[in-house]
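One structure below.
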Amino acid sequence: MLSVRSSVSRTALCLDGVWQFQLDDGTGLKEGWYARSLTDPRPMPVPASYNEITTDMEVYDHVGLAWYQRDVLVPHLRDGERLILRFGSVTHHGRVWVDETEVAYHEGGYLPFEADITDHVTPGETFRLTVAVDNELRWDTIPVGYTGTDALGQKRRNYFFDFFSYAGIHRSVVLYTRPAHAVTDVTIVTDISGANGLLTYSVEAPGASDIHVRVLDAAGCEVARAEGAEGTITVEDAHLWAPGKGYLYTLEVHADDDVYPQPFGIRTVAIEDSQLLINGTPFYFRGYGRHEDNIVRGKGHDNVLMVHDFEVMKWQGANSFRTSHYPYAEEVLDYADREGFVVIDETAAVGLNLSMWPGELGDVPGKVTFSPDTVTEATQKTHADHIREFIARDKNHPSVVIWSIANEPESETEAARDYFAPLAQVAREADPTRPVGYVNVAMATPDVEKCADLFDVVMLNRYNGWYTDTGNLALGEKKLRDEIDGWIKLCPGKPIIFTEYGPDTLDGLRDYQRRPWSEEYQIDMLGMFHRVFDDYPQVVGEQMWNFADFRTIPGIIRVGGNRKGMFTRDRLPKAAAYVVRDRWLAMRERLGF
């Protein structure tokens, strides 16, 4: 789905602000709350998670529907114009009404959806916009989960991932216009030939009879053009998009009266001899897994925080991140394009591994990941749809160099292979130009792994010295080296990226003995991993876990959330941040951005 971009033929009206909000008591749909104004609303900002905005635990722990509502003034439309209502993200499911008419339903809390509402509104008049947000997960959703009841009969959400499942309208809501014959999709693939860039494009614009494109440089000057809905264009003496050099062109697409500007960068991505190459040059990932998470806002997108986070990452010498464990807001990828950051883009398929949650699954039959009662073919179909939708949204971002289709799934069984083999193919069919991978969990070591050959890269989450051999870094190092040797033997020629490593660290806890949880231990554990990485040319990346501390479900090992951040939740550096900064800045000096 195309991002909302203003042009001479398109006007966008942002509907962000303070909406009316009311928790559902179980009667909302039955009583038709969408057909009238909410009876007992409270104010709620959009975009934001609703959980921490108030001080009410009923809101924080709510399970089920929550209702948002506001009035919207309809702009005047030119002849033939259509009015489109677009949501960047509603987590996890969203149902939308214009007055009493349902206009959209979408499952999947991290991807956009839209509806043409032209025929349901009157220009110059006001309509009531109502959104029912459902935060419940099922075995056939991505991510998976289920709702149960405790011994007191209270509904409880159960999910299998280590971050808080925030809910709400998390990204911007926009009302935009476009002509009757409009551009609905653009696909751009780039290559390099000597000093020139090659641009292969295709455009979808149903009903349009006159389609042509212009290539504009960063200054807005035309450097090439072509006729037709598809073709190949040569950009002479091209400025390449490269890590640290986010040079962007624009493909200005004309379809009858519509004009749609699609930014792009000219660059190539390839894998050769255990290296990931960007524009033919080996690239080494320095950075983090991250989360869309902040105090009060939860997962609500915030441009202020986004820009600050990028500034912090640049301060430390990072050049990349993974969108763990879901697609991030489109604005984040736009900014990564502009700043020259490299991105591993990940689906919301987290939690497909019940063996990791033995204490949480008392009412799950057999505790088997892939079974008729848990993850099924219906889940697989939802997962495939999510992959297609996710790649369709992000395919034109030059910053994205790898598609990650799952985080820490079960991958050491034949059932897992049966599940993932067709999904790897779905990703390659959706985009044959980028490597496809998944992030491997610690128990799926090379001697038992069943899925690695389906993918192009090896991405590993490892916690030697923390979850295993706690405090014993010497033993953790030996096992880490032995395992890397095993991966090189199992997957010759494939790059290895460490996508998670590091201990929980309580900021301010100092310890002469440098024991676990102290800031000294974080320095030592990260240093051990880095020492190992430096000895293996097949290891092409280090993305420690995590950029910043983040909220999780309550737990005796989760005091105030997950504390593995290089920075605190409010982005203050821990001691390790300075040590890693020295390492990464030296690598930047030696290797480039």
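Labeling convention for the structure tokens: chains A, B, ... as they appear, residues from 1 per chain, ligands from 1 in order of appearance.
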
>> Show me, as a PyMOL selection string, the residues that have an atom within 9 Å of A:Ala48 when counting only C-alpha atoms, minus same-chain residues fewer than 2 positions from it.
In response: chain A and resi 44-46+50-51+53+167-171+296-302

Write the selection just made, keeping C-alpha atoms, as a tab-separated table (two decimals), in the first residue's frame?
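So the final result, stored in out17.tsv, reads:
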chain	number	residue	atom	x	y	z
A	44	MET	CA	-7.62	10.06	24.36
A	45	PRO	CA	-4.76	11.22	22.11
A	46	VAL	CA	-4.21	9.77	18.65
A	50	TYR	CA	-4.28	3.97	25.44
A	51	ASN	CA	-2.83	1.80	28.22
A	53	ILE	CA	-2.35	7.61	29.20
A	167	ALA	CA	-3.22	-1.32	22.10
A	168	GLY	CA	-4.80	1.66	20.39
A	169	ILE	CA	-4.58	3.78	17.26
A	170	HIS	CA	-0.80	3.83	17.09
A	171	ARG	CA	-0.10	5.79	13.92
A	296	VAL	CA	3.29	7.23	28.36
A	297	ARG	CA	3.04	6.96	24.56
A	298	GLY	CA	3.54	3.19	24.47
A	299	LYS	CA	3.77	2.28	20.79
A	300	GLY	CA	2.29	5.52	19.52
A	301	HIS	CA	4.47	7.04	16.80
A	302	ASP	CA	6.12	10.32	17.74

>> as JSON, numbers by chain, please: the residues near A:Arg338 (cut-off 12 Å, only C-alpha atoms, same-chain neighbours under 6 positions excluded).
In response: {"A": [218, 241, 242, 243, 244, 245, 246, 247, 248, 249, 263, 264, 265, 307, 310, 331, 332, 397, 398, 399]}

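Backbone DSSP over stretch 326-457 of chain A yields strand (DSSP E or B) at Val342, Val343, Ile344, Asp345, Glu346, Val350, Phe370, Val375, Val400, Val401, Ile402, Trp403, Ser404, Ile405, Ala406, Asn407, Val436, Gly437, Tyr438, Val439 and Asn440 of chain A.
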
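The residue that comes closest to A:Ile295, out of A:Tyr578, A:Tyr110, A:Trp545, A:Tyr166 and on the basis of only C-alpha atoms, is A:Tyr166.
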
> Quick one: residues within 6 Å of A:Ala238, only C-alpha atoms counted, chain neighbours fewer than 3 positions away excluded, as a PyMOL selection string?
Replying inline: chain A and resi 196-197+235

Deliver the residues from the most recent selection as a file, using N, CA and C atoms, as a JSON list (two decimals), in the first residue's frame.
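Here's the written file again31.json:
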[["chain", "number", "residue", "atom", "x", "y", "z"],
["A", 196, "ASN", "N", 26.34, 4.75, -14.03],
["A", 196, "ASN", "CA", 24.91, 5.01, -14.22],
["A", 196, "ASN", "C", 24.06, 4.14, -13.31],
["A", 197, "GLY", "N", 22.89, 4.65, -13.00],
["A", 197, "GLY", "CA", 21.89, 3.88, -12.29],
["A", 197, "GLY", "C", 20.83, 3.38, -13.24],
["A", 235, "VAL", "N", 19.70, 6.42, -15.35],
["A", 235, "VAL", "CA", 20.04, 7.69, -14.71],
["A", 235, "VAL", "C", 21.55, 7.86, -14.82]]

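Distances to A:Asp79 were evaluated for A:Glu222, A:Glu230, A:Asp257, A:Asp534 using only C-alpha atoms, and the minimum falls at A:Asp257.
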
>> Based on the backbone DSSP call, show me all residues of stretch 45-96 of chain A assigned alpha helix (DSSP H), as a count of residues only.
In response: 4

>> For A:Arg128, find every residue with an atom within 7 Å (counting only C-alpha atoms), except residues of its own chain fewer than 6 positions away, and show them as a list in words.
In response: Arg70, Asp71, Val72, Val98 and Asp99 of chain A

Hey, which bits of stretch 356-402 of chain A sit within 10 Å of stretch 103-108 of chain A, and for each residue what's the closest pair of atoms and how far apart in Å (one decimal), counting only C-alpha atoms, rows by chain and increasing number, as a Markdown table?
| residue | atom | partner | partner_atom | distance |
| --- | --- | --- | --- | --- |
| A:Thr382 | CA | A:Gly108 | CA | 9.1 |
| A:His383 | CA | A:Gly108 | CA | 9.9 |
| A:Asp385 | CA | A:Gly108 | CA | 10.0 |
| A:His386 | CA | A:Gly108 | CA | 7.6 |
| A:Glu389 | CA | A:Gly108 | CA | 10.0 |

>> Can you measure atom CA of A:Asp185 to atom CA of A:Ser202 for me? One decimal in Å is fine.
In response: 8.2 Å

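You can rank A:Ile557, A:Leu38, A:Met525, A:Ala336 by their closest distance to A:Met544 using only C-alpha atoms, and at the top of that list sits A:Met525.
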
>> I want to know what sits within 10 Å of A:Ser3, based on only C-alpha atoms, with residues of the same chain fewer than 5 positions away left out; could you give that as a list in words?
In response: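 Skipping anything fewer than 5 positions along the chain leaves Arg86, Gly88, Pro112, Thr184, Asp185, Tyr260, Pro261, Gln262, Glu330, Glu331, Arg393 and Asp394 of chain A.
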